[in-house]
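Everything on this sheet refers to the single structure shown next.
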Amino acid sequence: MDSVNASVYESPERPRSLESINRPMMEESELPEKGILSDRDDSCPSSPSSIVPNLTRLDSEAHVVAFTADDKDHPFNWPVWKKLYVMNVIIVTVMNSTMGSSLASNIGTYIAKEWNITNENLLILPTSMYLVGYVLGPLLWGPLSETYGRKPITLGAFWMFLLFMMASALAPNFAALVIFRLLCGIGAACAITVSGGICADLFQGHQARGRAMAFFMGVTTFGPTIGPVVSGYISPISWRWSFWVGLIFAGVTAALLFTISESYVPIILKQRAKRLRKETGNPAWRAPMELEEQNISHIITVVLTRPVRMFCTEAIIFFSCIYLSFAYAIFYMFFQAFPIIYQGVYGFNAGEEGLAFLPIGIGACLACVIYIIYDGILRRAQAQNKAWVRKEESRRLPLACFGGPFIVVAAFWIGWTARADIHWICPVIAGIPFGIGFLLLFMSLLNYIVDAYKLFAASAMAAAGTCRSIWGCVLPFAAKSLYDTLGIAWACSLIGFLALLLAFIPFVFYWKGESLRARSKFCQYLVNKEREEEEKQRGKAERRALREAQTA
């Protein structure tokens, strides 16, 4: 039977008691970001029970499993191909989710005819209720993925998505369709919610994690731009086939999800401890998670409320959510605005109008190129020890500062060129700067959040996902009246002025981000844990040097 590398933390009153186990004694973990490695220090003022679970007192016989620095089971040390495989499967899973959000964008005419619906606001519900699922889902899936692991939660939620995608295709009436779309959206929200956490699980350095997130977001931005094309061309045959196409794509993805490995370190350690107990017959082996409170009261009051508490108490989360939500809402308002612009002004059919979304995807690809160029500039500046790169905010926020104006430009561009006397290509290509600004904004702020909150990344992403989904499902209801009242030019101008106001947020973060993080209980908890771990590592090195000197 293969031996399992482990490291042990025990009460200082007791020596290590591994002699009865036929494996070498290992050193303590050198990966401070990824493990809760000892019993909770109640004297630490920055680790209140509302932030992390209380850890029970270590049993006097307990051996707490942790990773060694080069442990092959730690996701940081997985082979590159394995990391890329997990990332690509998650990317495809998120594309299912985002494409599903827009599959109903061009079915309104056909379901109105089939079910005699005359209220135009009702026809927005199949898309908006899906986004209501995006509101509810992250509050559930984010914290649960930090309690039960990424893989089982993602798998269970995706099968929920798949089931209700099929139900949407078979809906017997409009009410059933709306309910099925809501439940489908709840399941779809999981992949988006845990994706940032999985990036943090797999990639240790800021550069590697940032590039992975950039690639991830660049590819997945195509998801919501594909949905209108699919529904625009297939709905004239049968609107139900829009959902059947989504189901076929989801079925292939579900098979791939079974093949990925768990990436959340506390769960991997829990599995290792369980294996050690079985192999050795010693029930004293424990993972750090197994020393936490796991009762339902704790899960409800601490775990599930964490995203809400982060949104309400963390300035970085709150203002990032506001800005990202506005950009996200503009995207989903386009599903109502584009028919007014391209079908009303230029006489496009539904399929052609769906193609007008593709320049947004092209802009997203260009945003990835900009990210890579900036990343190269940043690395050269770090190598030269330039003063500006010593700030944490310098790694991520310049891209948001650069990207915000692109959204402003795109809003005015499309508004003032969408006229019958101007060729349709002019407003269509305005999607390119919007795609650039949209993705740069998301890459920058979400990476900033992941870097700042590390172990709490999934809950932070859940807060961001929930907030932007509320905006995304509510504001499209205002789109038709906005464009009918103000006209295309001034409706887009109003959006542009609001985008200009919000564009100052990343500049404020760049200026005050360090002090905001210093006042954050979550960020300071992580800083203190890293400091404690560094002190442990120095103590280990000193003890090792002393032993070597005595031996010599």
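Labels used: A, B, ... for chains in the order of the structure tokens, numbers from 1 for residues in each chain, and numbers from 1 for ligands as shown.
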
Practice task
Enumerate, as a PyMOL selection string, the complete set of residues in segment 149-337 of chain A that a backbone-based DSSP assignment places in helix (DSSP H, G or I).
Solution key: chain A and resi 150-169+174-202+206-220+222-234+240-257+265-280+288-291+296-303+306-313+315-337

Let's have the selection written as a compact mmCIF listing (two decimals), in the first residue's frame, with C-alpha atoms.
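Result saved to out.txt:
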```txt
# COMPACT_ATOMS: atom_id res chain seq x y z
CA ARG A 150 -15.62 22.11 -5.23
CA LYS A 151 -16.31 18.90 -7.14
CA PRO A 152 -19.39 17.44 -5.37
CA ILE A 153 -21.11 20.83 -5.17
CA THR A 154 -20.35 21.67 -8.82
CA LEU A 155 -21.49 18.23 -9.98
CA GLY A 156 -24.73 18.33 -8.02
CA ALA A 157 -25.56 21.86 -9.14
CA PHE A 158 -24.76 21.08 -12.78
CA TRP A 159 -27.07 18.10 -12.81
CA MET A 160 -29.75 20.40 -11.45
CA PHE A 161 -29.01 22.76 -14.35
CA LEU A 162 -29.18 19.91 -16.85
CA LEU A 163 -32.47 18.57 -15.48
CA PHE A 164 -34.26 21.90 -15.63
CA MET A 165 -32.82 22.76 -19.04
CA MET A 166 -34.65 19.66 -20.25
CA ALA A 167 -37.75 20.70 -18.29
CA SER A 168 -37.65 24.11 -20.02
CA ALA A 169 -37.68 22.41 -23.42
CA PHE A 174 -45.64 29.79 -19.64
CA ALA A 175 -45.76 29.60 -15.84
CA ALA A 176 -43.93 26.26 -15.90
CA LEU A 177 -41.30 27.69 -18.26
CA VAL A 178 -40.64 30.60 -15.92
CA ILE A 179 -40.28 28.32 -12.88
CA PHE A 180 -38.03 25.89 -14.76
CA ARG A 181 -35.81 28.76 -15.90
CA LEU A 182 -35.48 29.95 -12.30
CA LEU A 183 -34.41 26.50 -11.10
CA CYS A 184 -32.11 26.12 -14.11
CA GLY A 185 -30.43 29.43 -13.21
CA ILE A 186 -29.91 28.37 -9.59
CA GLY A 187 -28.03 25.28 -10.77
CA ALA A 188 -26.12 27.26 -13.40
CA ALA A 189 -24.88 29.78 -10.83
CA CYS A 190 -22.56 27.27 -9.17
CA ALA A 191 -19.89 27.05 -11.88
CA ILE A 192 -19.58 30.84 -12.08
CA THR A 193 -19.42 31.11 -8.29
CA VAL A 194 -16.70 28.53 -7.64
CA SER A 195 -14.54 29.32 -10.69
CA GLY A 196 -12.54 32.02 -8.88
CA GLY A 197 -12.01 29.70 -5.93
CA ILE A 198 -10.76 26.94 -8.24
CA CYS A 199 -8.26 29.35 -9.82
CA ALA A 200 -7.04 30.22 -6.32
CA ASP A 201 -6.81 26.48 -5.54
CA LEU A 202 -4.72 25.62 -8.58
CA HIS A 206 -0.31 36.17 -8.63
CA GLN A 207 0.95 35.97 -12.21
CA ALA A 208 -0.14 32.38 -12.84
CA ARG A 209 -3.49 32.93 -11.15
CA GLY A 210 -4.08 36.18 -13.02
CA ARG A 211 -3.34 34.66 -16.42
CA ALA A 212 -5.57 31.70 -15.69
CA MET A 213 -8.42 34.02 -14.70
CA ALA A 214 -7.85 36.16 -17.80
CA PHE A 215 -8.00 33.16 -20.12
CA PHE A 216 -11.01 31.82 -18.24
CA MET A 217 -13.01 35.04 -18.46
CA GLY A 218 -12.00 35.75 -22.05
CA VAL A 219 -13.31 32.42 -23.29
CA THR A 220 -16.45 32.33 -21.16
CA PHE A 222 -18.48 34.15 -25.58
CA GLY A 223 -21.18 32.16 -23.75
CA PRO A 224 -23.86 34.86 -23.52
CA THR A 225 -23.02 36.06 -27.04
CA ILE A 226 -23.68 32.57 -28.50
CA GLY A 227 -27.14 32.20 -26.93
CA PRO A 228 -28.85 34.91 -29.06
CA VAL A 229 -27.38 33.42 -32.23
CA VAL A 230 -28.63 29.92 -31.36
CA SER A 231 -32.12 31.07 -30.37
CA GLY A 232 -32.31 33.57 -33.23
CA TYR A 233 -31.77 30.95 -35.94
CA ILE A 234 -33.41 27.91 -34.28
CA ARG A 240 -38.04 24.50 -27.73
CA TRP A 241 -35.00 23.49 -29.76
CA SER A 242 -33.07 26.41 -28.29
CA PHE A 243 -33.17 24.52 -24.98
CA TRP A 244 -32.56 21.13 -26.58
CA VAL A 245 -29.32 22.49 -28.06
CA GLY A 246 -28.36 23.74 -24.57
CA LEU A 247 -29.18 20.31 -23.14
CA ILE A 248 -26.96 18.50 -25.67
CA PHE A 249 -24.03 20.78 -24.81
CA ALA A 250 -24.71 20.28 -21.08
CA GLY A 251 -24.85 16.48 -21.43
CA VAL A 252 -21.34 16.34 -22.89
CA THR A 253 -20.06 18.67 -20.17
CA ALA A 254 -21.64 16.64 -17.37
CA ALA A 255 -19.61 13.60 -18.44
CA LEU A 256 -16.40 15.67 -18.32
CA LEU A 257 -17.16 16.98 -14.82
CA VAL A 265 -7.13 21.81 -0.05
CA PRO A 266 -9.12 21.38 3.21
CA ILE A 267 -11.25 18.68 1.53
CA ILE A 268 -8.19 16.91 0.09
CA LEU A 269 -6.70 16.82 3.58
CA LYS A 270 -9.99 15.47 4.94
CA GLN A 271 -9.89 12.67 2.36
CA ARG A 272 -6.26 11.97 3.28
CA ALA A 273 -7.09 11.77 6.99
CA LYS A 274 -9.92 9.35 6.25
CA ARG A 275 -7.55 7.20 4.21
CA LEU A 276 -4.94 7.28 6.99
CA ARG A 277 -7.51 6.15 9.56
CA LYS A 278 -8.45 3.25 7.32
CA GLU A 279 -4.86 2.27 6.45
CA THR A 280 -3.45 2.48 9.96
CA PRO A 288 -8.14 20.57 10.13
CA MET A 289 -11.71 20.65 8.75
CA GLU A 290 -12.70 17.80 11.04
CA LEU A 291 -11.85 19.94 14.04
CA ILE A 296 -26.40 22.97 11.02
CA SER A 297 -26.57 26.10 13.18
CA HIS A 298 -22.94 26.93 12.38
CA ILE A 299 -23.46 26.32 8.64
CA ILE A 300 -26.51 28.60 8.55
CA THR A 301 -25.23 31.39 10.79
CA VAL A 302 -21.58 31.49 9.67
CA VAL A 303 -21.01 29.66 6.38
CA ARG A 306 -20.56 34.90 4.81
CA PRO A 307 -21.21 36.38 1.31
CA VAL A 308 -23.86 38.74 2.70
CA ARG A 309 -21.60 39.82 5.56
CA MET A 310 -18.73 40.41 3.14
CA PHE A 311 -20.94 42.55 0.91
CA CYS A 312 -22.19 44.62 3.86
CA THR A 313 -18.90 45.07 5.71
CA ALA A 315 -15.72 48.25 1.12
CA ILE A 316 -13.71 46.52 -1.61
CA ILE A 317 -16.46 43.95 -2.13
CA PHE A 318 -19.29 46.50 -1.95
CA PHE A 319 -17.98 49.00 -4.51
CA SER A 320 -16.61 46.29 -6.80
CA CYS A 321 -20.07 44.74 -6.79
CA ILE A 322 -21.71 48.05 -7.71
CA TYR A 323 -19.41 48.65 -10.69
CA LEU A 324 -19.44 45.06 -11.94
CA SER A 325 -23.21 44.90 -11.53
CA PHE A 326 -23.72 47.98 -13.67
CA ALA A 327 -21.53 46.62 -16.47
CA TYR A 328 -23.29 43.26 -16.23
CA ALA A 329 -26.72 44.91 -16.33
CA ILE A 330 -25.77 46.81 -19.50
CA PHE A 331 -24.90 43.49 -21.15
CA TYR A 332 -28.32 42.02 -20.31
CA MET A 333 -30.13 45.24 -21.22
CA PHE A 334 -28.69 44.73 -24.70
CA PHE A 335 -30.93 41.66 -25.06
CA GLN A 336 -33.88 44.07 -24.98
CA ALA A 337 -32.15 47.03 -26.66
```

Within 10 Å of segment 344-357 of chain A: each segment 92-146 of chain A residue with its shortest pair, only C-alpha atoms, as JSON lines:
```
{"residue": "A:Ser105", "atom": "CA", "partner": "A:Gly354", "partner_atom": "CA", "distance": 8.9}
{"residue": "A:Asn106", "atom": "CA", "partner": "A:Ala350", "partner_atom": "CA", "distance": 6.5}
{"residue": "A:Ile107", "atom": "CA", "partner": "A:Ala350", "partner_atom": "CA", "distance": 9.2}
{"residue": "A:Thr109", "atom": "CA", "partner": "A:Ala350", "partner_atom": "CA", "distance": 9.9}
```

Skip Ile429 of chain A itself and residues of its chain fewer than 6 positions away, then list as a PDB file with C-alpha atoms, in the first residue's frame all residues within 12 Å of it, counting only C-alpha atoms.
```pdb
ATOM      1  CA  LEU A 355     -24.938  37.997 -34.656  1.00  0.00           C
ATOM      2  CA  ALA A 356     -24.623  41.615 -33.528  1.00  0.00           C
ATOM      3  CA  PHE A 357     -23.502  40.286 -30.148  1.00  0.00           C
ATOM      4  CA  LEU A 358     -20.390  38.615 -31.562  1.00  0.00           C
ATOM      5  CA  PRO A 359     -18.249  41.794 -31.649  1.00  0.00           C
ATOM      6  CA  ILE A 360     -18.539  41.815 -27.849  1.00  0.00           C
ATOM      7  CA  GLY A 361     -16.767  38.446 -27.878  1.00  0.00           C
ATOM      8  CA  ILE A 362     -14.119  39.826 -30.245  1.00  0.00           C
ATOM      9  CA  GLY A 363     -13.566  42.696 -27.837  1.00  0.00           C
ATOM     10  CA  VAL A 409     -17.099  55.207 -25.343  1.00  0.00           C
ATOM     11  CA  ALA A 410     -19.121  52.175 -26.456  1.00  0.00           C
ATOM     12  CA  ALA A 411     -22.343  53.527 -24.930  1.00  0.00           C
ATOM     13  CA  TRP A 413     -20.854  55.213 -29.928  1.00  0.00           C
ATOM     14  CA  ILE A 414     -23.782  52.861 -30.306  1.00  0.00           C
ATOM     15  CA  THR A 417     -24.530  55.947 -34.737  1.00  0.00           C
ATOM     16  CA  ALA A 418     -27.691  53.779 -34.642  1.00  0.00           C
ATOM     17  CA  HIS A 423     -24.595  51.898 -42.077  1.00  0.00           C
ATOM     18  CA  GLY A 435     -16.245  43.838 -24.892  1.00  0.00           C
ATOM     19  CA  ILE A 436     -12.757  45.222 -24.151  1.00  0.00           C
TER      20      ILE A 436
END
```

Exercise for the section: Go ahead and compute the interatomic distance for atom CA of Leu500 of chain A and atom CA of Gly404 of chain A, in Å to one decimal. Expected result: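 According to the coordinates, atom CA of Leu500 of chain A and atom CA of Gly404 of chain A are separated by 7.6 Å.
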
Hey, which bits of segment 364-422 of chain A sit within 6 Å of segment 488-494 of chain A, and for each residue what's the closest pair of atoms and how far apart in Å (one decimal), counting only C-alpha atoms, rows by chain and increasing number, as a Markdown table?
```
| residue | atom | partner | partner_atom | distance |
| --- | --- | --- | --- | --- |
| A:Ala411 | CA | A:Cys492 | CA | 5.3 |
| A:Phe412 | CA | A:Ser493 | CA | 5.4 |
| A:Gly415 | CA | A:Ala489 | CA | 4.1 |
| A:Trp416 | CA | A:Ala489 | CA | 5.1 |
```

Exercise for the section: Grab the atom CA of Asn385 of chain A to atom CA of Val80 of chain A distance for me, in Å with one decimal place. Expected result: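 Going from atom CA of Asn385 of chain A over to atom CA of Val80 of chain A, I get 28.9 Å.
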
Practice task
Could you give me, as a list in words, the residues within 12 Å of Arg379 of chain A, counting only C-alpha atoms and dropping anything in the same chain fewer than 2 positions from it?
Solution key: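 My reading of the contact set: His206, Gln207, Ala208, Ile372, Ile373, Tyr374, Asp375, Gly376, Ile377, Ala381, Gln382, Ala383, Gln384, Asn385, Lys386, Trp388, Val389, Arg390, Ser394 and Arg395 of chain A.
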
With N, CA and C atoms retained, could you export that selection as a short mmCIF file (atom, residue, chain, number, x, y, z; two decimals), in the first residue's frame?
```cif
data_model
loop_
_atom_site.label_atom_id
_atom_site.label_comp_id
_atom_site.auth_asym_id
_atom_site.auth_seq_id
_atom_site.Cartn_x
_atom_site.Cartn_y
_atom_site.Cartn_z
N HIS A 206 0.62 35.18 -8.08
CA HIS A 206 -0.31 36.17 -8.63
C HIS A 206 -0.31 36.13 -10.16
N GLN A 207 0.86 35.96 -10.76
CA GLN A 207 0.95 35.97 -12.21
C GLN A 207 0.22 34.77 -12.82
N ALA A 208 0.50 33.59 -12.30
CA ALA A 208 -0.14 32.38 -12.84
C ALA A 208 -1.65 32.44 -12.63
N ILE A 372 -2.25 40.36 -21.38
CA ILE A 372 -0.93 39.73 -21.52
C ILE A 372 0.16 40.78 -21.69
N ILE A 373 -0.14 41.83 -22.48
CA ILE A 373 0.83 42.91 -22.67
C ILE A 373 1.11 43.60 -21.33
N TYR A 374 0.05 43.90 -20.59
CA TYR A 374 0.23 44.56 -19.29
C TYR A 374 1.00 43.65 -18.32
N ASP A 375 0.69 42.36 -18.37
CA ASP A 375 1.38 41.44 -17.48
C ASP A 375 2.88 41.43 -17.76
N GLY A 376 3.27 41.52 -19.04
CA GLY A 376 4.68 41.60 -19.38
C GLY A 376 5.32 42.88 -18.86
N ILE A 377 4.61 44.00 -18.99
CA ILE A 377 5.11 45.28 -18.46
C ILE A 377 5.30 45.18 -16.95
N ALA A 381 8.78 45.52 -14.77
CA ALA A 381 8.89 46.56 -13.73
C ALA A 381 9.25 45.93 -12.39
N GLN A 382 8.71 44.75 -12.10
CA GLN A 382 9.05 44.07 -10.86
C GLN A 382 10.51 43.64 -10.86
N ALA A 383 10.98 43.16 -12.02
CA ALA A 383 12.38 42.75 -12.11
C ALA A 383 13.32 43.93 -11.89
N GLN A 384 12.88 45.12 -12.30
CA GLN A 384 13.69 46.33 -12.13
C GLN A 384 13.42 47.02 -10.80
N ASN A 385 12.53 46.42 -10.00
CA ASN A 385 12.18 46.95 -8.67
C ASN A 385 11.68 48.39 -8.74
N LYS A 386 10.80 48.64 -9.73
CA LYS A 386 10.22 49.97 -9.85
C LYS A 386 9.32 50.26 -8.65
N TRP A 388 6.45 51.80 -8.37
CA TRP A 388 4.98 51.68 -8.50
C TRP A 388 4.48 50.25 -8.35
N VAL A 389 5.34 49.24 -8.57
CA VAL A 389 4.87 47.86 -8.48
C VAL A 389 4.91 47.33 -7.05
N ARG A 390 5.41 48.13 -6.12
CA ARG A 390 5.46 47.67 -4.74
C ARG A 390 4.09 47.72 -4.08
N SER A 394 -1.19 47.69 -7.67
CA SER A 394 -0.59 47.87 -8.99
C SER A 394 -0.69 46.64 -9.86
N ARG A 395 -0.86 45.48 -9.24
CA ARG A 395 -0.91 44.25 -10.03
C ARG A 395 -2.19 44.14 -10.84
#
```

Problem - Residue nearest Ala400 of chain A among A:Met95, A:Val508, A:Ala460, A:Cys473 (counting only C-alpha atoms) - result: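 Comparing A:Met95, A:Val508, A:Ala460, A:Cys473 against Ala400 of chain A, the winner is A:Val508.
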
Practice task
Could you check how far atom CA of Asn528 of chain A sits from atom CA of Ala452 of chain A, in Å to one decimal?
Solution key: 13.3 Å
